[in-house]
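The next block holds one structure in the form of structure tokens; read it before the comments.
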Number of protein chains: 2
Amino acid sequence: MATINDNYLKLKAGYLFPEIGRRVTAFAEANPDAKVIRLGIGDVTEPLPEACRTAMIQAVEDMGDRASFKGYGPEQGYAWLREKIAQHDFQSRGCDIDASEIFVSDGSKCDCGNILDIFGSNNSIAVTDPVYPVYVDTNVMAGHTGDANEKGEYGGLVYLPITADNHFTAQIPTEKVDLIYLCFPNNPTGATASKEHLQAWVDYARSHGSIIFFDAAYEAFITDPAIPHSIYEIEGARECAIEFRSFSKNAGFTGTRCALTVVPKTLTAKAADGADVELWKLWNRRQSTKFNGVSYIVQKGAEAVYAPEGQAQIKALVSFYMENARMIREQLTAAGLAVYGGVNAPYVWVQTPNGLSSWDFFDKLLQTCNVVGTPGSGFGAAGEGYFRISAFNSRDNVEEAMKRITAAFKQ
Amino acid sequence: MATINDNYLKLKAGYLFPEIGRRVTAFAEANPDAKVIRLGIGDVTEPLPEACRTAMIQAVEDMGDRASFKGYGPEQGYAWLREKIAQHDFQSRGCDIDASEIFVSDGSKCDCGNILDIFGSNNSIAVTDPVYPVYVDTNVMAGHTGDANEKGEYGGLVYLPITADNHFTAQIPTEKVDLIYLCFPNNPTGATASKEHLQAWVDYARSHGSIIFFDAAYEAFITDPAIPHSIYEIEGARECAIEFRSFSKNAGFTGTRCALTVVPKTLTAKAADGADVELWKLWNRRQSTKFNGVSYIVQKGAEAVYAPEGQAQIKALVSFYMENARMIREQLTAAGLAVYGGVNAPYVWVQTPNGLSSWDFFDKLLQTCNVVGTPGSGFGAAGEGYFRISAFNSRDNVEEAMKRITAAFKQ
């Protein structure tokens, strides 16, 4: 008899976004005339930059001629893209990252999950709370946790609360953890990490032989020049960190699909016999065996991001969403709500008023304002009492949503 | 201390294609004037069908307008593509497969490896020998095997030899196996499976509660109308089989990246408590959590395959490669070699002459004819004494390669 991976049965059935979808659909069916505005999921809305489109059309045309046709590409990505990424995203900031350490992929979500393939099953794992659910769920699937308790916390994971009480800065653990997920600018809280805070994490990781999974999917939204964009801006990070990046949010690639993972060649972890094994070699083997590279056409689109026109266009795109974030932040504050984030991140993290639970506030906002956000408790137990509003939408929708919320909440 | 997945250390360092690359590079450096023809790797060479290119250019343009812009799509693929696949590839052949059972992905290689995520670690696993190395290597990585012996066979796997002695038809095992990998038309031998043979497998799987992983990546190359294209043409397969398909070989998508996996909703496997669990739900959860869907642009290209022009164009593409296969088969036969396959598959499987080992024949062909093929032993111990020649190349290259081989081998 074939057997299943029983760990899947530990997963809570009501994943956050399907549950939101269910409630919104039910509301829309009961209120067919309501114009619902969705500021829930972090999905971009504005057109793909022209530079990317031009490059992709050229790439499709390349495919029409035997001489320029591309079959299987390197599983790690084309050298011309890896080199531009290494140069523009890392070397230009003083990060000692080589093109060969860049692995181009079809998504950060995939990479964040797949990276566990190369690690042992006996590692202790730390996540912030609230947290991007994929980090937790992929560990559950891989059998790294026990069951969930009534708050949704899985046994065996170390949860590091990030709330207004600690200024959304996770305390460095006193216990030993082997794998640490950090996401800055943070999804969902919009918080950032200073150089000093990241240095403390890197120092911890190096002294404990831990590996940091650093998710920098939102680095393009940093406006404060003092805040690091990459973990490799921190001394010693090449010895302890893997970084995830994406074209989804800076260049609007959520539906086009391109991302990258950086695995420095100086990174090692322990084999059962105590030997130090290069993680780069394992990840390279993993990707060569279980992945076949990103579409040539999409990689050409990603490359165009680094040309001067591409750089100007993604800068304008990021500025557009950040202006949305500023409006959301200021108008919710004026309406009397306590808000965080939204300065160096496209997410505004709202404290629910009057002690409402996250889901009660969700329902209230949906019923009263016909606006959809994301309940903070969906990101973890310590997200209870918070609510995420995304700046990824049209200007009209943001303006209209803020008008409705102001009318409903302003005393 | 973070630890690695020690199973990776069991993998043999010299993966087949890198070793071929190493030898070809060394030869080319020593013989800079030699015009090497590569009939090794199964990569397509001809332009992408015009229908696909036209659709992709339109899709890129859709991305340039806010109204038609596409962000995150369904992780399972767009309904318009899943419906066309279900209808054209399955329902039209009498297979009872619904669009909701189709999962669009970025590659069959990925799916063949990732599918193991949803299965338990205690399943016994059968592969044919020779076999597509990804099936074996992903099981090694997942910890489903012991170490490799000197022939490259991993402990714990059940190897089912397919050679000229048994007409390349794997014998149904007498022992119990839970997961069975079948690939027809076969890579690397070019053999096919009759309806009766597949029925025997399905009957075995149903009576043992086993699951068949059916890789149909080469189904478009079937010329004999009696040979099934899908495992679901076999009575009872909905209860025991997952099928993998790809646009790589029929539509030339090796560099464009689109594939699909079929998981019928009637398929179950056992949980530890003995309950029957629907595999569709587990795979859906796996894909929703660890994958973010295929690029909208690429899915539009795949959809165009099903339009009348697309159908005509891929038919011409397949015929082109099959004419190559016919030439290879006939000319190698005329040169006195024993050849198999190449009738319903783009691979010709050659018995090495004079008892040469697969690698010795590789070296001889490279040195004498400057032609690159793939040593059969790279696909498994029972592939020793065989050699794979791929029909994926230009007509000129195939003609020139055959001329050289004929001159070298004809007595």
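By convention in this document, the chains of the structure tokens carry letters A, B, ... by their order, each chain's residues are numbered from 1, and ligands are numbered from 1 in the order they are shown.
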
Task: region 136-345 of chain A: residues DSSP assigns to strand (DSSP E or B), reported as a PyMOL selection string - done: chain A and resi 148+154+157-161+179-183+211-215+241-246+259-262+268-270+276-278+338-341

- [ ] Excluding Ala241 (chain A) and residues on its chain fewer than 5 positions from it, collect all residues at most 9 Å away from it, counting only C-alpha atoms, and give them as a ChimeraX atom specification.
- [x] /A:202,205,210-214,231-232,236,262-264,267

Task: Spatial neighbours of Arg93 (chain B), max dist 10 Å, only C-alpha atoms, sep filter under 6 positions, as an NGL selection string - done: :B and (87 or 228-230 or 232-233)

Grab the residues selected above and save them as a compact mmCIF listing (two decimals), in the first residue's frame with all heavy atoms.
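The result, stored in part_18.txt:
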```
# COMPACT_ATOMS: atom_id res chain seq x y z
N GLN B 87 -9.58 18.57 -22.30
CA GLN B 87 -10.39 18.21 -23.46
C GLN B 87 -9.55 17.58 -24.57
O GLN B 87 -9.88 16.47 -25.04
CB GLN B 87 -11.07 19.50 -23.95
CG GLN B 87 -12.05 19.29 -25.09
CD GLN B 87 -12.44 20.61 -25.72
OE1 GLN B 87 -12.47 21.66 -25.05
NE2 GLN B 87 -12.74 20.58 -27.01
N PRO B 228 -1.39 3.29 -26.55
CA PRO B 228 -2.04 4.35 -25.77
C PRO B 228 -1.10 5.54 -25.53
O PRO B 228 0.10 5.38 -25.37
CB PRO B 228 -2.38 3.66 -24.45
CG PRO B 228 -1.57 2.41 -24.39
CD PRO B 228 -1.22 2.04 -25.79
N HIS B 229 -1.70 6.75 -25.55
CA HIS B 229 -0.94 7.98 -25.28
C HIS B 229 -0.95 8.32 -23.80
O HIS B 229 -0.07 9.00 -23.31
CB HIS B 229 -1.53 9.15 -26.08
CG HIS B 229 -1.25 9.10 -27.54
ND1 HIS B 229 -0.63 10.12 -28.21
CD2 HIS B 229 -1.50 8.13 -28.47
CE1 HIS B 229 -0.51 9.80 -29.50
NE2 HIS B 229 -1.05 8.60 -29.68
N SER B 230 -2.01 7.88 -23.13
CA SER B 230 -2.18 8.22 -21.71
C SER B 230 -2.48 6.95 -20.93
O SER B 230 -3.14 6.04 -21.43
CB SER B 230 -3.35 9.20 -21.56
OG SER B 230 -3.74 9.29 -20.20
N TYR B 232 -4.50 6.88 -18.68
CA TYR B 232 -5.94 6.90 -18.38
C TYR B 232 -6.77 6.27 -19.50
O TYR B 232 -7.99 6.19 -19.40
CB TYR B 232 -6.40 8.31 -18.05
CG TYR B 232 -5.60 8.88 -16.90
CD1 TYR B 232 -4.75 9.97 -17.08
CD2 TYR B 232 -5.66 8.30 -15.63
CE1 TYR B 232 -3.99 10.46 -16.03
CE2 TYR B 232 -4.89 8.78 -14.58
CZ TYR B 232 -4.05 9.86 -14.80
OH TYR B 232 -3.29 10.34 -13.76
N GLU B 233 -6.12 5.85 -20.58
CA GLU B 233 -6.82 5.04 -21.57
C GLU B 233 -7.02 3.61 -21.05
O GLU B 233 -7.73 2.81 -21.65
CB GLU B 233 -6.04 5.01 -22.90
CG GLU B 233 -5.98 6.38 -23.57
CD GLU B 233 -5.19 6.37 -24.88
OE1 GLU B 233 -5.42 5.48 -25.71
OE2 GLU B 233 -4.33 7.27 -25.04
```

Open item on the list: Please identify all residues of chain B having at least one atom at most 6 Å from any atom of chain A, considering only C-alpha atoms, and return them as a PyMOL selection string.
Closed with: chain B and resi 1-6+46-48+53+57+60+63-66+69-72+109-110+113+118-120+123+178+208-210+254-257+269-271+290-291+295-296

TODO: Identify, with DSSP run on backbone atoms, the residues in region 195-333 of chain B assigned to helix (DSSP H, G or I), and express the list as a count of residues only.
DONE: 70

Open item on the list: I'd like to know which of A:Ser319, A:Asn393, A:Thr189, A:Ser92 is closest to Ala220 (chain A), using only C-alpha atoms.
Closed with: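 Among A:Ser319, A:Asn393, A:Thr189, A:Ser92, it is A:Ser319 that comes nearest to Ala220 (chain A).
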